[in-house]
Amino acid sequence: MARVTAERVQETKRELLDAAQRVLLEEGYAGLSTRRIADAAGTQMSQIQYHFGSKEGMILALFEHLNAQLIDRQTKTFENPDLSLSEKWALSCDYLDDDIGSGYVRVLMELTAAGWSNPAIGAAVKNAYAEWRSLIQKLAREMEEKTGSLGPFSVEDIGALVCAAFIGAEAAIV
């Protein structure tokens, strides 16, 4: 009998997540099923249960994976001392185009909608938005320390306003 390696387990999980993302982008959350994902991955439905426990577990893993990549990218940008605030903003706007092209924004919007009726998905989306807001607040705090004032706005206000602007832009574009 063939031995399953840790690398093969990770490869299978990655294939399932890639298939879930493709199906989600093609069919939307309403059209997402474990059967459709297994077919797209070229494997059995039992693999979804084995690796993720359920469709919900897989979708949450997919969202966590995608969001973590983008949070990491944005953190590196914001923490880059060689970039000015305006350069960081310009890169963030460029990243928005990339995120729309990659399908991340569609996944985020689909899961935001699904989160209204699914508490676990809703909590994951809420946590993701909180991570983004925290990054913006950290940058605003840095700016406040340099300039001494953010006008009539607090760091929290800036975080909320910028996040709302990006969410609105994403919704309008998608």
# chains A, B, ... in the order shown; residues from 1 in each chain; ligands from 1
call {"tool": "residues_around", "arguments": {"residues": "Ala41 (chain A)", "least_positions_apart": "2", "cutoff": "6 Å", "atoms": "only C-alpha atoms", "output": "MDAnalysis selection string"}}
result
chainID A and resid 16 19 38:39 43
call {"tool": "write_last_selection", "arguments": {"atoms": "all heavy atoms", "output": "PDB file, in the first residue's frame"}}
result
ATOM      1  N   LEU A  16      -7.794  20.931  -3.253  1.00  0.00           N
ATOM      2  CA  LEU A  16      -9.189  21.113  -2.857  1.00  0.00           C
ATOM      3  C   LEU A  16      -9.526  22.591  -2.663  1.00  0.00           C
ATOM      4  O   LEU A  16     -10.592  23.055  -3.084  1.00  0.00           O
ATOM      5  CB  LEU A  16      -9.492  20.321  -1.580  1.00  0.00           C
ATOM      6  CG  LEU A  16      -9.595  18.810  -1.765  1.00  0.00           C
ATOM      7  CD1 LEU A  16      -9.542  18.102  -0.423  1.00  0.00           C
ATOM      8  CD2 LEU A  16     -10.849  18.446  -2.536  1.00  0.00           C
ATOM      9  N   ALA A  19      -9.768  24.208  -6.041  1.00  0.00           N
ATOM     10  CA  ALA A  19     -11.037  23.827  -6.673  1.00  0.00           C
ATOM     11  C   ALA A  19     -12.197  24.587  -6.042  1.00  0.00           C
ATOM     12  O   ALA A  19     -13.101  25.069  -6.747  1.00  0.00           O
ATOM     13  CB  ALA A  19     -11.255  22.322  -6.564  1.00  0.00           C
ATOM     14  N   ALA A  38     -15.395  18.501  -5.330  1.00  0.00           N
ATOM     15  CA  ALA A  38     -14.679  17.241  -5.530  1.00  0.00           C
ATOM     16  C   ALA A  38     -14.500  16.955  -7.018  1.00  0.00           C
ATOM     17  O   ALA A  38     -13.407  16.552  -7.439  1.00  0.00           O
ATOM     18  CB  ALA A  38     -15.423  16.095  -4.849  1.00  0.00           C
ATOM     19  N   ASP A  39     -15.542  17.194  -7.810  1.00  0.00           N
ATOM     20  CA  ASP A  39     -15.428  17.006  -9.263  1.00  0.00           C
ATOM     21  C   ASP A  39     -14.357  17.925  -9.847  1.00  0.00           C
ATOM     22  O   ASP A  39     -13.534  17.500 -10.656  1.00  0.00           O
ATOM     23  CB  ASP A  39     -16.768  17.271  -9.957  1.00  0.00           C
ATOM     24  CG  ASP A  39     -17.797  16.177  -9.709  1.00  0.00           C
ATOM     25  OD1 ASP A  39     -17.412  15.082  -9.237  1.00  0.00           O
ATOM     26  OD2 ASP A  39     -18.992  16.434  -9.982  1.00  0.00           O
ATOM     27  N   THR A  43     -11.314  14.449  -7.371  1.00  0.00           N
ATOM     28  CA  THR A  43     -11.156  13.545  -6.232  1.00  0.00           C
ATOM     29  C   THR A  43     -12.528  13.180  -5.676  1.00  0.00           C
ATOM     30  O   THR A  43     -13.554  13.572  -6.221  1.00  0.00           O
ATOM     31  CB  THR A  43     -10.261  14.190  -5.144  1.00  0.00           C
ATOM     32  OG1 THR A  43      -9.906  13.194  -4.196  1.00  0.00           O
ATOM     33  CG2 THR A  43     -10.932  15.365  -4.476  1.00  0.00           C
TER      34      THR A  43
END
call {"tool": "residues_around", "arguments": {"residues": "region 29-36 of chain A", "least_positions_apart": "6", "cutoff": "10 Å", "atoms": "only C-alpha atoms", "output": "list in words"}}
result
Leu16, Ala19, Ala20, Gln21, Arg22, Val23, Gly42, Thr43, Gln44, Met45, Ser46, Gln47, Ile48, Gln49, Ser54, Lys55, Glu56, Met58, Ile59, Val107, Met109, Glu110, Leu111, Ala113 and Ala114 of chain A
call {"tool": "closest_residue", "arguments": {"among": "A:Glu7, A:Glu64, A:Glu145, A:Glu15", "to": "Ala124 (chain A)", "atoms": "only C-alpha atoms"}}
result
A:Glu64
call {"tool": "closest_residue", "arguments": {"among": "A:Asp72, A:Glu26, A:Asp82, A:Glu144", "to": "Glu131 (chain A)", "atoms": "only C-alpha atoms"}}
result
A:Asp72
call {"tool": "select_by_dssp", "arguments": {"residues": "region 3-159 of chain A", "states": "helix (DSSP H, G or I)", "output": "ChimeraX atom specification"}}
result
/A:6-27,29-31,34-41,45-52,55-78,85-102,104-114,119-147,155-159
call {"tool": "closest_residue", "arguments": {"among": "A:Leu150, A:Leu108, A:Ile136, A:Ala172", "to": "Ser92 (chain A)", "atoms": "only C-alpha atoms"}}
result
A:Ile136
call {"tool": "residues_around", "arguments": {"residues": "Leu139 (chain A)", "least_positions_apart": "4", "cutoff": "7 Å", "atoms": "only C-alpha atoms", "output": "ChimeraX atom specification"}}
result
/A:78,135,143
call {"tool": "write_last_selection", "arguments": {"atoms": "C-alpha atoms", "output": "PDB file, in the first residue's frame"}}
result
ATOM      1  CA  PHE A  78       3.012  49.410   5.394  1.00  0.00           C
ATOM      2  CA  LEU A 135      -3.515  47.591   9.710  1.00  0.00           C
ATOM      3  CA  MET A 143       1.184  59.228  10.615  1.00  0.00           C
TER       4      MET A 143
END
call {"tool": "closest_residue", "arguments": {"among": "A:Asp18, A:Thr112, A:Glu170, A:His51", "to": "Leu96 (chain A)", "atoms": "only C-alpha atoms"}}
result
A:Glu170
call {"tool": "closest_residue", "arguments": {"among": "A:Ala120, A:Ile173, A:Ala130, A:Ala40", "to": "Ala160 (chain A)", "atoms": "only C-alpha atoms"}}
result
A:Ala130
call {"tool": "residues_around", "arguments": {"residues": "Ala169 (chain A)", "least_positions_apart": "5", "cutoff": "12 Å", "atoms": "only C-alpha atoms", "output": "JSON, numbers by chain"}}
result
{"A": [93, 96, 97, 100, 105, 109, 162, 163, 164, 174]}
call {"tool": "atom_distance", "arguments": {"atom1": "CA of Ala140 (chain A)", "atom2": "CA of Ser154 (chain A)"}}
result
8.7 Å
